[in-house]
file model10.txt (compact mmCIF, C-alpha atoms and all ligand atoms)
# COMPACT_ATOMS: atom_id res chain seq x y z
CA MET A 109 -20.76 9.29 -9.18
CA LYS A 110 -21.68 9.12 -5.50
CA ILE A 111 -18.71 8.56 -3.23
CA ALA A 112 -18.06 7.96 0.46
CA ILE A 113 -14.94 9.34 2.14
CA LEU A 114 -13.63 7.20 5.00
CA GLY A 115 -11.62 9.36 7.44
CA TYR A 116 -12.01 13.10 7.82
CA GLY A 117 -8.43 14.12 8.63
CA THR A 118 -5.87 15.95 6.50
CA VAL A 119 -6.40 14.08 3.22
CA GLY A 120 -10.13 13.48 3.77
CA ARG A 121 -10.75 17.20 4.27
CA GLY A 122 -8.55 18.14 1.31
CA THR A 123 -10.45 15.71 -0.92
CA TYR A 124 -13.83 16.95 0.30
CA ASP A 125 -12.93 20.65 -0.17
CA ILE A 126 -11.64 20.13 -3.72
CA ILE A 127 -14.73 18.19 -4.76
CA GLN A 128 -16.99 20.89 -3.34
CA ALA A 129 -14.98 23.68 -4.97
CA ARG A 130 -15.03 22.13 -8.45
CA GLN A 131 -18.61 20.82 -8.64
CA LYS A 132 -19.32 22.68 -11.89
CA ASP A 133 -16.15 21.38 -13.57
CA PHE A 134 -17.09 17.79 -12.77
CA GLU A 135 -20.43 18.06 -14.55
CA SER A 136 -18.84 17.02 -17.84
CA LEU A 137 -17.78 13.77 -16.12
CA GLY A 138 -21.33 13.10 -14.97
CA GLY A 139 -20.83 14.81 -11.59
CA ILE A 140 -19.02 13.77 -8.40
CA GLN A 141 -21.01 13.92 -5.20
CA VAL A 142 -19.80 13.20 -1.66
CA ALA A 143 -22.70 11.20 -0.22
CA LYS A 144 -21.21 10.21 3.16
CA VAL A 145 -18.13 10.93 5.27
CA LEU A 146 -17.21 8.22 7.77
CA MET A 147 -15.65 9.53 10.96
CA LEU A 148 -15.15 8.50 14.55
CA GLU A 149 -17.88 9.38 17.08
CA LYS A 150 -15.49 11.79 18.89
CA GLU A 151 -14.97 13.84 15.67
CA VAL A 152 -18.64 14.48 14.87
CA ASP A 153 -19.19 17.67 16.95
CA GLN A 154 -16.14 19.48 15.59
CA CYS A 155 -16.30 18.46 11.92
CA GLY A 156 -18.55 21.30 10.71
CA LEU A 157 -20.19 19.13 8.01
CA ASP A 158 -23.87 18.90 7.10
CA PRO A 159 -25.27 16.26 9.53
CA ASP A 160 -26.78 14.34 6.57
CA LEU A 161 -23.26 13.63 5.31
CA ILE A 162 -21.87 12.37 8.59
CA CYS A 163 -21.70 8.65 9.18
CA THR A 164 -20.17 6.69 12.05
CA ASP A 165 -21.27 3.21 10.94
CA TYR A 166 -19.48 1.77 7.88
CA GLN A 167 -22.30 -0.74 7.29
CA GLU A 168 -24.53 2.16 6.22
CA ILE A 169 -22.07 3.00 3.43
CA LEU A 170 -21.63 -0.62 2.39
CA GLU A 171 -25.37 -1.17 2.20
CA ASP A 172 -26.04 1.96 0.15
CA ASP A 173 -25.96 0.72 -3.44
CA THR A 174 -26.08 4.26 -4.82
CA ILE A 175 -22.55 4.81 -3.42
CA THR A 176 -20.32 3.35 -6.12
CA CYS A 177 -16.89 4.48 -4.89
CA VAL A 178 -15.21 4.37 -1.48
CA VAL A 179 -12.27 6.71 -0.77
CA GLU A 180 -10.26 5.24 2.11
CA VAL A 181 -8.11 7.86 3.86
CA THR A 182 -8.24 6.79 7.53
CA GLY A 183 -4.55 5.89 7.70
CA ALA A 184 -5.54 2.83 9.77
CA LYS A 185 -3.63 -0.36 8.90
CA ASP A 186 -5.75 -3.41 9.85
CA GLN A 187 -9.06 -1.55 9.92
CA GLY A 188 -8.19 0.30 6.70
CA PHE A 189 -7.49 -3.01 4.93
CA LEU A 190 -10.83 -4.42 6.13
CA PHE A 191 -12.66 -1.29 4.94
CA MET A 192 -11.03 -1.70 1.52
CA LYS A 193 -11.79 -5.41 1.21
CA GLU A 194 -15.39 -4.97 2.21
CA ALA A 195 -15.88 -2.08 -0.24
CA ILE A 196 -14.58 -4.19 -3.13
CA GLU A 197 -16.67 -7.19 -2.08
CA ARG A 198 -19.72 -4.91 -2.26
CA LYS A 199 -18.64 -4.04 -5.83
CA LYS A 200 -17.62 -0.48 -5.01
CA HIS A 201 -14.61 1.09 -6.72
CA LEU A 202 -11.78 1.86 -4.32
CA VAL A 203 -9.48 4.89 -4.11
CA THR A 204 -6.94 5.14 -1.30
CA ALA A 205 -3.90 7.08 -0.12
CA ASN A 206 -3.00 4.39 2.43
CA LYS A 207 0.54 3.36 1.41
CA ALA A 208 0.97 1.01 4.37
CA VAL A 209 -2.00 -1.09 3.26
CA VAL A 210 -1.30 -0.82 -0.48
CA SER A 211 2.34 -1.86 -0.03
CA GLN A 212 1.40 -4.90 2.06
CA HIS A 213 -1.74 -6.01 0.22
CA LEU A 214 -1.24 -4.82 -3.37
CA GLU A 215 -1.61 -8.25 -4.95
CA GLU A 216 -4.59 -9.29 -2.85
CA LEU A 217 -6.52 -6.04 -3.36
CA THR A 218 -5.72 -5.94 -7.07
CA GLY A 219 -6.85 -9.55 -7.50
CA LEU A 220 -10.00 -8.92 -5.50
CA ALA A 221 -10.85 -5.80 -7.52
CA ASN A 222 -10.41 -7.78 -10.75
CA ARG A 223 -12.64 -10.55 -9.40
CA TYR A 224 -15.43 -8.19 -8.43
CA GLY A 225 -15.09 -6.09 -11.59
CA VAL A 226 -14.22 -2.82 -9.89
CA HIS A 227 -11.25 -0.45 -10.08
CA PHE A 228 -8.58 0.08 -7.42
CA PHE A 229 -6.58 3.33 -7.57
CA TYR A 230 -3.85 4.61 -5.22
CA GLU A 231 -2.17 7.60 -6.88
CA ALA A 232 -1.82 9.47 -3.55
CA ALA A 233 -0.03 6.57 -1.85
CA VAL A 234 3.32 7.42 -3.49
CA GLY A 235 4.70 10.93 -3.75
CA GLY A 236 1.55 12.63 -2.34
CA GLY A 237 0.58 15.24 -4.92
CA ILE A 238 2.91 14.03 -7.70
CA PRO A 239 1.12 12.24 -10.54
CA LEU A 240 3.39 9.21 -10.63
CA ILE A 241 1.40 5.98 -10.43
CA SER A 242 -0.74 6.70 -13.46
CA PRO A 243 2.20 7.63 -15.78
CA LEU A 244 4.24 4.72 -14.40
CA LYS A 245 1.47 2.24 -15.27
CA ALA A 246 1.36 3.67 -18.80
CA GLN A 247 5.16 3.63 -19.24
CA ALA A 248 5.46 0.09 -17.85
CA LYS A 249 3.08 -1.10 -20.60
CA ILE A 250 5.27 0.37 -23.34
CA ASN A 251 8.75 0.13 -21.83
CA THR A 252 10.94 -2.18 -19.84
CA ILE A 253 11.45 -0.01 -16.77
CA ASP A 254 15.03 -0.77 -15.74
CA SER A 255 15.47 1.81 -13.01
CA ILE A 256 13.50 4.00 -10.66
CA GLU A 257 15.08 6.31 -8.13
CA GLY A 258 12.93 8.28 -5.74
CA ILE A 259 13.07 10.76 -2.91
CA PHE A 260 9.82 9.69 -1.32
CA ASN A 261 10.02 11.09 2.18
CA GLY A 262 9.85 14.84 2.67
CA THR A 263 10.81 14.62 6.34
CA CYS A 264 14.11 12.88 5.61
CA ASN A 265 14.88 15.15 2.69
CA TYR A 266 14.17 18.22 4.81
CA ILE A 267 16.44 16.95 7.63
CA LEU A 268 19.29 16.10 5.24
CA SER A 269 18.97 19.47 3.44
CA LYS A 270 19.08 21.38 6.75
CA MET A 271 22.11 19.40 7.95
CA LEU A 272 23.99 20.12 4.74
CA ASP A 273 22.96 23.75 4.19
CA GLN A 274 22.99 25.00 7.77
CA GLY A 275 25.34 22.52 9.47
CA LEU A 276 22.61 21.52 11.96
CA PRO A 277 23.14 18.31 13.93
CA TYR A 278 20.66 15.51 13.14
CA GLY A 279 18.65 16.01 16.38
CA GLU A 280 18.16 19.74 15.78
CA ALA A 281 17.17 19.27 12.14
CA LEU A 282 14.64 16.62 13.24
CA GLU A 283 13.19 19.01 15.85
CA LYS A 284 12.77 21.68 13.17
CA ALA A 285 10.98 19.16 10.94
CA GLN A 286 8.69 18.31 13.87
CA ASP A 287 7.99 22.02 14.60
CA LEU A 288 6.97 22.52 10.97
CA GLY A 289 4.64 19.50 11.08
CA TYR A 290 6.74 17.50 8.57
CA ALA A 291 7.73 14.87 11.12
CA GLU A 292 5.52 12.95 13.56
CA ALA A 293 6.21 12.98 17.32
CA ASP A 294 7.50 9.43 16.76
CA PRO A 295 9.57 9.84 13.58
CA THR A 296 10.69 6.19 13.30
CA ASP A 297 8.63 5.38 10.20
CA ASP A 298 10.18 8.31 8.32
CA VAL A 299 13.80 8.43 9.50
CA GLU A 300 14.38 4.67 9.56
CA GLY A 301 13.14 4.48 5.96
CA PHE A 302 9.98 2.36 6.41
CA ASP A 303 7.74 4.95 4.75
CA THR A 304 10.11 5.20 1.76
CA LEU A 305 10.32 1.41 1.58
CA ARG A 306 6.53 1.05 1.25
CA LYS A 307 6.48 3.47 -1.66
CA LEU A 308 9.36 1.66 -3.35
CA VAL A 309 7.46 -1.63 -3.04
CA ILE A 310 4.47 -0.09 -4.82
CA VAL A 311 6.39 1.49 -7.73
CA ALA A 312 8.70 -1.52 -8.18
CA SER A 313 5.71 -3.88 -8.30
CA LEU A 314 4.15 -1.77 -11.04
CA ALA A 315 7.44 -1.55 -12.95
CA LEU A 316 8.04 -5.32 -12.76
CA GLY A 317 4.42 -6.38 -13.24
CA PHE A 318 4.45 -8.61 -10.19
CA PRO A 319 4.29 -7.76 -6.49
CA VAL A 320 7.57 -7.47 -4.62
CA LEU A 321 7.57 -7.89 -0.86
CA GLU A 322 8.55 -5.40 1.82
CA GLU A 323 11.08 -7.93 3.13
CA ASP A 324 12.79 -7.96 -0.31
CA VAL A 325 14.01 -4.38 0.22
CA ALA A 326 17.46 -3.72 1.73
CA LEU A 327 16.94 -0.91 4.23
CA GLU A 328 19.07 1.67 6.03
CA GLY A 329 17.65 4.90 7.46
CA ILE A 330 19.25 8.26 8.15
CA SER A 331 19.31 8.41 11.96
CA SER A 332 23.01 7.47 12.28
CA ILE A 333 24.26 10.39 10.19
CA LYS A 334 26.57 12.85 11.93
CA VAL A 335 27.12 16.51 11.20
CA SER A 336 30.81 15.74 10.55
CA ASP A 337 29.76 13.62 7.54
CA MET A 338 28.61 16.83 5.87
CA ASP A 339 32.22 18.05 5.51
CA TYR A 340 32.98 15.19 3.13
CA LEU A 341 29.94 16.10 1.04
CA LYS A 342 30.91 19.76 0.87
CA ASP A 343 34.53 18.91 -0.03
CA HIS A 344 33.32 16.77 -2.94
CA ASP A 345 30.39 18.93 -4.09
CA LEU A 346 27.94 16.14 -3.25
CA LYS A 347 24.49 16.02 -1.67
CA ILE A 348 22.99 13.27 0.44
CA LYS A 349 19.51 11.86 -0.12
CA LEU A 350 17.54 8.94 1.28
CA LEU A 351 17.11 7.23 -2.09
CA ALA A 352 14.63 4.53 -2.94
CA SER A 353 16.28 2.60 -5.78
CA PHE A 354 14.92 -0.07 -8.07
CA LYS A 355 17.25 -1.54 -10.70
CA LYS A 356 16.46 -4.30 -13.14
CA ASP A 357 19.11 -6.15 -15.06
CA GLY A 358 17.74 -8.94 -17.25
CA ASP A 359 15.78 -11.24 -14.95
CA ASP A 360 17.47 -9.94 -11.80
CA TYR A 361 16.44 -6.91 -9.83
CA GLY A 362 17.56 -4.98 -6.76
CA LEU A 363 15.57 -2.92 -4.27
CA ILE A 364 17.31 -0.63 -1.80
CA VAL A 365 16.39 2.23 0.46
CA GLU A 366 19.53 3.83 1.85
CA PRO A 367 21.37 7.15 2.05
CA ALA A 368 23.15 7.91 -1.21
CA LEU A 369 25.67 10.56 -2.17
CA ILE A 370 24.76 12.19 -5.46
CA GLY A 371 26.59 14.67 -7.67
CA ARG A 372 25.40 17.57 -9.81
CA ASN A 373 24.72 15.39 -12.84
CA HIS A 374 22.16 13.27 -10.96
CA PRO A 375 18.51 14.08 -11.87
CA LEU A 376 17.54 14.38 -8.18
CA TYR A 377 20.47 16.63 -7.13
CA GLY A 378 18.27 19.76 -7.04
CA ILE A 379 15.49 18.23 -4.92
CA ASP A 380 15.79 19.88 -1.51
CA GLY A 381 13.59 20.43 1.52
CA ALA A 382 10.29 18.58 1.81
CA THR A 383 9.87 18.14 -1.95
CA ASN A 384 9.54 14.61 -3.37
CA ALA A 385 10.73 13.38 -6.76
CA ALA A 386 11.11 10.23 -8.80
CA SER A 387 13.17 9.53 -11.86
CA LEU A 388 12.57 6.45 -13.97
CA HIS A 389 14.26 5.00 -17.01
CA GLY A 390 12.51 3.02 -19.72
CA ASN A 391 14.06 1.51 -22.86
CA PHE A 392 11.91 3.63 -25.20
CA VAL A 393 11.02 6.73 -23.23
CA ASP A 394 14.53 7.20 -21.74
CA GLN A 395 14.72 9.21 -18.47
CA LEU A 396 11.57 10.78 -16.99
CA THR A 397 11.64 12.83 -13.80
CA PHE A 398 8.62 13.80 -11.70
CA ILE A 399 8.88 16.49 -9.01
CA GLY A 400 6.32 17.93 -6.61
CA PRO A 401 4.84 18.14 -3.12
CA GLY A 402 5.04 14.74 -1.43
CA ALA A 403 2.37 15.52 1.15
CA GLY A 404 -0.15 18.08 2.36
CA LYS A 405 -3.92 18.48 2.56
CA TYR A 406 -4.53 19.85 -0.93
CA PRO A 407 -1.69 18.27 -2.95
CA THR A 408 -2.65 14.82 -1.62
CA GLY A 409 -6.38 15.54 -1.88
CA ASN A 410 -5.68 16.58 -5.46
CA ALA A 411 -4.15 13.17 -6.24
CA VAL A 412 -7.18 11.43 -4.71
CA VAL A 413 -9.54 13.55 -6.81
CA CYS A 414 -7.52 12.73 -9.96
CA ASP A 415 -8.18 9.04 -9.25
CA ILE A 416 -11.90 9.71 -8.81
CA MET A 417 -11.94 11.58 -12.12
CA ASP A 418 -10.16 8.68 -13.84
CA LEU A 419 -12.83 6.40 -12.42
CA CYS A 420 -15.53 8.60 -13.88
CA ARG A 421 -13.85 8.27 -17.25
CA LEU A 422 -13.21 4.56 -16.62
CA LYS A 423 -10.17 4.80 -18.80
CA GLU A 424 -8.05 2.67 -16.52
CA GLU A 425 -7.00 -0.75 -17.71
CA LYS A 426 -6.96 -3.50 -15.11
CA ILE A 427 -3.60 -4.81 -13.93
CA ASN A 428 -2.89 -8.51 -13.56
CA PHE A 429 -0.01 -9.39 -11.28
CA THR A 430 0.63 -12.75 -12.89
CA LYS A 431 4.09 -12.86 -14.44
CA ARG A 432 7.17 -13.68 -12.40
CA LEU A 433 10.81 -13.20 -13.42
CA LYS A 434 13.08 -16.22 -13.36
CA GLY A 435 15.86 -14.29 -11.62
CA SER A 436 15.85 -12.85 -8.16
CA GLN A 437 16.81 -9.93 -5.98
CA ASN A 438 20.50 -9.27 -6.56
CA ASP A 439 23.24 -7.83 -4.40
CA ILE A 440 24.60 -4.53 -5.69
CA LYS A 441 28.20 -3.46 -6.07
CA ALA A 442 29.00 0.21 -5.51
CA PRO A 443 31.55 2.46 -3.86
CA TYR A 444 30.46 3.52 -0.36
CA TYR A 445 31.22 6.39 2.00
CA VAL A 446 31.61 5.12 5.58
CA SER A 447 32.28 7.14 8.73
CA LEU A 448 33.31 5.21 11.83
CA ASP A 449 35.30 5.45 15.06
CA SER A 450 39.12 5.52 14.84
CA ASP A 451 39.54 2.06 16.39
CA GLN A 452 37.20 0.38 13.90
CA ASN A 453 38.31 -0.99 10.57
CA LEU A 454 36.99 -2.22 7.28
CA PRO A 455 38.95 -4.86 5.31
CA LYS A 456 42.06 -3.18 3.84
CA ASP A 457 41.40 -4.30 0.27
CA TRP A 458 38.04 -2.45 0.27
CA ILE A 459 39.59 0.95 0.94
CA ASP A 460 40.04 3.46 -1.83
CA TRP A 461 40.64 6.55 0.32
CA GLU A 462 40.75 7.20 4.05
CA GLU A 463 41.21 10.24 6.28
CA SER A 464 41.26 10.78 10.03
CA VAL A 465 38.96 13.34 11.60
CA ASP A 466 38.32 14.30 15.21
CA GLY A 467 37.58 11.04 17.06
CA GLY A 468 36.99 9.05 13.92
CA LYS A 469 37.74 8.40 10.31
CA ARG A 470 36.09 8.67 6.94
CA ILE A 471 36.49 6.03 4.26
CA ARG A 472 35.60 5.87 0.61
CA THR A 473 35.53 2.25 -0.49
CA LYS A 474 36.22 0.76 -3.88
CA GLU A 475 33.28 -0.85 -5.64
CA ILE A 476 32.28 -3.53 -3.11
CA SER A 477 29.38 -5.88 -2.42
CA ARG A 478 26.65 -4.14 -0.41
CA ASP A 479 25.75 -7.42 1.32
CA ALA A 480 29.37 -7.82 2.48
CA LEU A 481 29.53 -4.22 3.70
CA VAL A 482 26.25 -4.43 5.60
CA GLY A 483 27.34 -7.73 7.18
CA THR A 484 30.56 -6.13 8.44
CA ILE A 485 28.75 -3.03 9.68
CA GLU A 486 26.10 -5.08 11.47
CA ASN A 487 28.87 -6.92 13.38
CA LEU A 488 30.59 -3.65 14.31
CA ARG A 489 27.25 -2.16 15.44
CA LYS A 490 26.66 -5.18 17.67
CA GLU A 491 29.89 -4.19 19.45
CA GLY A 492 28.42 -0.70 19.99
CA ALA A 493 29.97 1.08 17.02
CA ASP A 494 28.43 4.33 15.78
CA ILE A 495 28.64 4.02 11.99
CA PHE A 496 27.09 5.92 9.12
CA PHE A 497 27.29 4.76 5.51
CA ALA A 498 25.95 5.99 2.21
CA ARG A 499 26.21 4.76 -1.36
CA ILE A 500 28.19 6.95 -3.73
CA GLN A 501 26.06 7.21 -6.88
N1 LIG B 601 -1.12 13.72 5.05
C1 LIG B 601 -0.54 13.60 3.87
O1 LIG B 601 -0.03 14.57 3.32
C2 LIG B 601 -0.51 12.27 3.16
C3 LIG B 601 0.20 12.15 1.95
C4 LIG B 601 0.18 10.93 1.26
C5 LIG B 601 -0.52 9.86 1.81
N2 LIG B 601 -1.18 10.00 3.00
C6 LIG B 601 -1.91 8.85 3.53
O2 LIG B 601 -3.29 9.19 3.62
C7 LIG B 601 -3.90 8.53 4.72
C8 LIG B 601 -4.57 9.58 5.61
O3 LIG B 601 -3.57 10.47 6.10
P1 LIG B 601 -3.96 11.80 6.88
O4 LIG B 601 -2.73 12.60 6.96
O5 LIG B 601 -5.20 12.38 6.34
O6 LIG B 601 -4.26 11.19 8.33
P2 LIG B 601 -5.07 11.90 9.51
O7 LIG B 601 -4.95 13.38 9.39
O8 LIG B 601 -4.67 11.24 10.77
O9 LIG B 601 -6.59 11.54 9.16
C9 LIG B 601 -7.16 10.28 9.30
C10 LIG B 601 -8.50 10.47 9.98
O10 LIG B 601 -9.22 9.25 9.98
C11 LIG B 601 -9.66 8.98 11.31
N3 LIG B 601 -9.86 7.57 11.52
C12 LIG B 601 -8.98 6.63 11.95
N4 LIG B 601 -9.58 5.43 12.01
C13 LIG B 601 -10.85 5.61 11.62
C14 LIG B 601 -11.97 4.75 11.49
N5 LIG B 601 -11.89 3.44 11.81
N6 LIG B 601 -13.14 5.26 11.06
C15 LIG B 601 -13.24 6.57 10.76
N7 LIG B 601 -12.24 7.45 10.88
C16 LIG B 601 -11.05 6.97 11.29
C17 LIG B 601 -8.57 9.57 12.18
O11 LIG B 601 -9.01 9.75 13.51
P3 LIG B 601 -7.88 9.69 14.71
O12 LIG B 601 -6.95 10.82 14.42
O13 LIG B 601 -8.66 9.85 15.95
O14 LIG B 601 -7.22 8.35 14.59
C18 LIG B 601 -8.32 10.89 11.46
O15 LIG B 601 -9.28 11.85 11.77
C19 LIG B 601 -2.78 7.76 5.41
O16 LIG B 601 -2.80 6.43 4.98
C20 LIG B 601 -1.50 8.45 4.93
O17 LIG B 601 -0.40 7.59 4.91
C21 LIG B 601 -1.18 11.17 3.69
call {"tool": "encode", "arguments": {"input": "model10.txt", "output": "structure tokens", "more": "lines below"}}
Ligand SMILES: NC(=O)c1ccc[n+]([C@@H]2O[C@H](COP(=O)([O-])OP(=O)(O)OC[C@H]3O[C@@H](n4cnc5c(N)ncnc54)[C@H](OP(=O)(O)O)[C@@H]3O)[C@@H](O)[C@H]2O)c1
result
Amino acid sequence: MKIAILGYGTVGRGTYDIIQARQKDFESLGGIQVAKVLMLEKEVDQCGLDPDLICTDYQEILEDDTITCVVEVTGAKDQGFLFMKEAIERKKHLVTANKAVVSQHLEELTGLANRYGVHFFYEAAVGGGIPLISPLKAQAKINTIDSIEGIFNGTCNYILSKMLDQGLPYGEALEKAQDLGYAEADPTDDVEGFDTLRKLVIVASLALGFPVLEEDVALEGISSIKVSDMDYLKDHDLKIKLLASFKKDGDDYGLIVEPALIGRNHPLYGIDGATNAASLHGNFVDQLTFIGPGAGKYPTGNAVVCDIMDLCRLKEEKINFTKRLKGSQNDIKAPYYVSLDSDQNLPKDWIDWEESVDGGKRIRTKEISRDALVGTIENLRKEGADIFFARIQ
């Protein structure tokens, strides 16, 4: 199989290196050959690749009928989507790691791939190096998947682990994550939960069998957490995680990305640092948990190469996003941990436990409606309140 890699950055280089290193092992699959690498003009001099491989004009790749698979790893949103669409329309199989595009255009790209008779794989888009998409597709065929919980953002998990283990304030833990290359200079996508949300959209769509929308997901990031919140966790032997949660109950389902307090019996309790993990529950298979590196040149390149190998075997069944449930996104009811200033209040009948701390107070609520809680918190935030909340699992 002759492939073209679009984008020669972290994942593009990882993919290229692995394919080169394992040439002999791919012979039994008919061989995998990188025919072209698309890059920007400014990258050509420094790339160190054989000049015959380098390409700066995508049309050349599209028009080369011997290239049967395009691997899109540019990270570009609009341009990346166009690259993908055009590849499929030229009847080339598509492999990508681009979660932003997959999350937003899953239905359209899947439908287009079906129409043009090609395959569309995106294993690396969720959980980096963790093989998750492929097993999830298989399990969703056999089982009703009624819950998925994931730690899908290594940056957030690293920050939360450092705050809990070393008592670092949020800002310092974020700086450490940036020094180590886990967090971008602008960390908004990670810490406000958008990156996690995109991955939840992808796995929930596969679990349900129809595409959910980014705007269906209730979202709260981690940037409002304070170091004083860690005392509560330590007192109660809990950990805090930015959890992506999908729950299905009959025809209703719920999608939330928010900080959650989890105890020792939770399958994701031991997932610390930059590691990613996902735990799903199906009616036949019961609980399955997947753990591994959520990012990185070779782990992510490895996931891309797995997709290319699957393509060579052509074992993948096509997905049709046709069914719809009759129910809808439901509100959830859960107990919450809330830390707020001393002069702010939650309704009295919500409160299960309350304690005063320096300049503020900590509250554990009874089981309450998340929509009601978020509504109240949004109003308090409009008045300038500094509030952190997390679901108690
Ligand atoms: N890094 C990871 O561990 C990881 C894990 C899971 C998923 N992903 C996903 O994989 C994708 C690639 O990530 P990455 O970390 O490899 O990004 P990256 O290191 O920034 O690499 C992307 C490369 O593509 C180039 N590029 C951008 N637009 C292009 C265009 N129109 N034509 C040709 N080249 C173009 C970029 O150049 P400029 O830098 O000049 O823009 C850069 O060299 C993203 O969608 C990301 O979300 C990454």
call {"tool": "residues_near_point", "arguments": {"input": "model10.txt", "point": "(28.3, 0.7, 4.1)", "cutoff": "8 Å", "atoms": "all atoms listed in the file", "output": "list of chain:residue names"}}
result
A:Tyr444, A:Tyr445, A:Val446, A:Arg478, A:Leu481, A:Val482, A:Ile485, A:Phe496, A:Phe497, A:Ala498, A:Arg499
call {"tool": "write_last_selection", "arguments": {"input": "model10.txt", "atoms": "C-alpha atoms", "output": "mmCIF file, keeping the file's coordinate frame"}}
result
data_model
loop_
_atom_site.group_PDB
_atom_site.id
_atom_site.type_symbol
_atom_site.label_atom_id
_atom_site.label_comp_id
_atom_site.auth_asym_id
_atom_site.auth_seq_id
_atom_site.Cartn_x
_atom_site.Cartn_y
_atom_site.Cartn_z
ATOM 1 C CA TYR A 444 30.460 3.520 -0.360
ATOM 2 C CA TYR A 445 31.220 6.390 2.000
ATOM 3 C CA VAL A 446 31.610 5.120 5.580
ATOM 4 C CA ARG A 478 26.650 -4.140 -0.410
ATOM 5 C CA LEU A 481 29.530 -4.220 3.700
ATOM 6 C CA VAL A 482 26.250 -4.430 5.600
ATOM 7 C CA ILE A 485 28.750 -3.030 9.680
ATOM 8 C CA PHE A 496 27.090 5.920 9.120
ATOM 9 C CA PHE A 497 27.290 4.760 5.510
ATOM 10 C CA ALA A 498 25.950 5.990 2.210
ATOM 11 C CA ARG A 499 26.210 4.760 -1.360
#
call {"tool": "closest_residue", "arguments": {"input": "model10.txt", "among": "A:Thr408, A:Ser353, A:Ser211, A:Thr263", "to": "A:Asp287", "atoms": "all atoms listed in the file"}}
result
A:Thr263
call {"tool": "residues_near_ligand", "arguments": {"input": "model10.txt", "ligand": "ligand LIG 601 (chain B)", "cutoff": "8 Å", "atoms": "all atoms listed in the file", "output": "MDAnalysis selection string"}}
result
chainID A and resid 114:121 146:148 150:151 164 166 180:185 187:188 204:209 232:237 402:405 407:408
call {"tool": "residues_near_point", "arguments": {"input": "model10.txt", "point": "(9.3, 2.6, -0.6)", "cutoff": "12 Å", "atoms": "only C-alpha atoms", "output": "number ranges by chain"}}
result
A: 207-208, 210-212, 233-235, 256-261, 297-298, 300-313, 320-329, 350-354, 363-366, 386
call {"tool": "closest_residue", "arguments": {"input": "model10.txt", "among": "A:Ser269, A:Ser464, A:Ser136, A:Asn251", "to": "A:Leu448", "atoms": "only C-alpha atoms"}}
result
A:Ser464
call {"tool": "closest_residue", "arguments": {"input": "model10.txt", "among": "A:Lys334, A:His227, A:Lys193, A:Lys249", "to": "A:Met271", "atoms": "all atoms listed in the file"}}
result
A:Lys334
call {"tool": "residues_around", "arguments": {"input": "model10.txt", "residues": "A:Asn428", "least_positions_apart": "2", "cutoff": "9 Å", "atoms": "all atoms listed in the file", "output": "list in words"}}
result
Glu215, Thr218, Gly219, Asn222, Gly317, Phe318, Lys426, Thr430 and Lys431 of chain A
call {"tool": "build_atoms", "arguments": {"input": "model10.txt", "residues": "stretch 302-313 of chain A", "atoms": "N, CA and C atoms", "output": "short mmCIF file (atom, residue, chain, number, x, y, z; two decimals), keeping the file's coordinate frame"}}
result
data_model
loop_
_atom_site.label_atom_id
_atom_site.label_comp_id
_atom_site.auth_asym_id
_atom_site.auth_seq_id
_atom_site.Cartn_x
_atom_site.Cartn_y
_atom_site.Cartn_z
N PHE A 302 11.11 3.27 6.67
CA PHE A 302 9.98 2.36 6.41
C PHE A 302 8.96 2.97 5.44
N ASP A 303 8.70 4.28 5.62
CA ASP A 303 7.74 4.95 4.75
C ASP A 303 8.24 4.93 3.29
N THR A 304 9.52 5.21 3.11
CA THR A 304 10.11 5.20 1.76
C THR A 304 10.05 3.79 1.17
N LEU A 305 10.33 2.81 2.01
CA LEU A 305 10.32 1.41 1.58
C LEU A 305 8.95 1.01 1.01
N ARG A 306 7.88 1.43 1.71
CA ARG A 306 6.53 1.05 1.25
C ARG A 306 6.26 1.61 -0.14
N LYS A 307 6.73 2.84 -0.36
CA LYS A 307 6.48 3.47 -1.66
C LYS A 307 7.31 2.78 -2.75
N LEU A 308 8.53 2.38 -2.38
CA LEU A 308 9.36 1.66 -3.35
C LEU A 308 8.71 0.34 -3.74
N VAL A 309 8.14 -0.35 -2.76
CA VAL A 309 7.46 -1.63 -3.04
C VAL A 309 6.35 -1.42 -4.06
N ILE A 310 5.60 -0.34 -3.90
CA ILE A 310 4.47 -0.09 -4.82
C ILE A 310 4.99 0.21 -6.23
N VAL A 311 5.95 1.13 -6.37
CA VAL A 311 6.39 1.49 -7.73
C VAL A 311 7.16 0.32 -8.38
N ALA A 312 7.95 -0.40 -7.59
CA ALA A 312 8.70 -1.52 -8.18
C ALA A 312 7.75 -2.62 -8.64
N SER A 313 6.69 -2.86 -7.90
CA SER A 313 5.71 -3.88 -8.30
C SER A 313 5.07 -3.50 -9.63
#
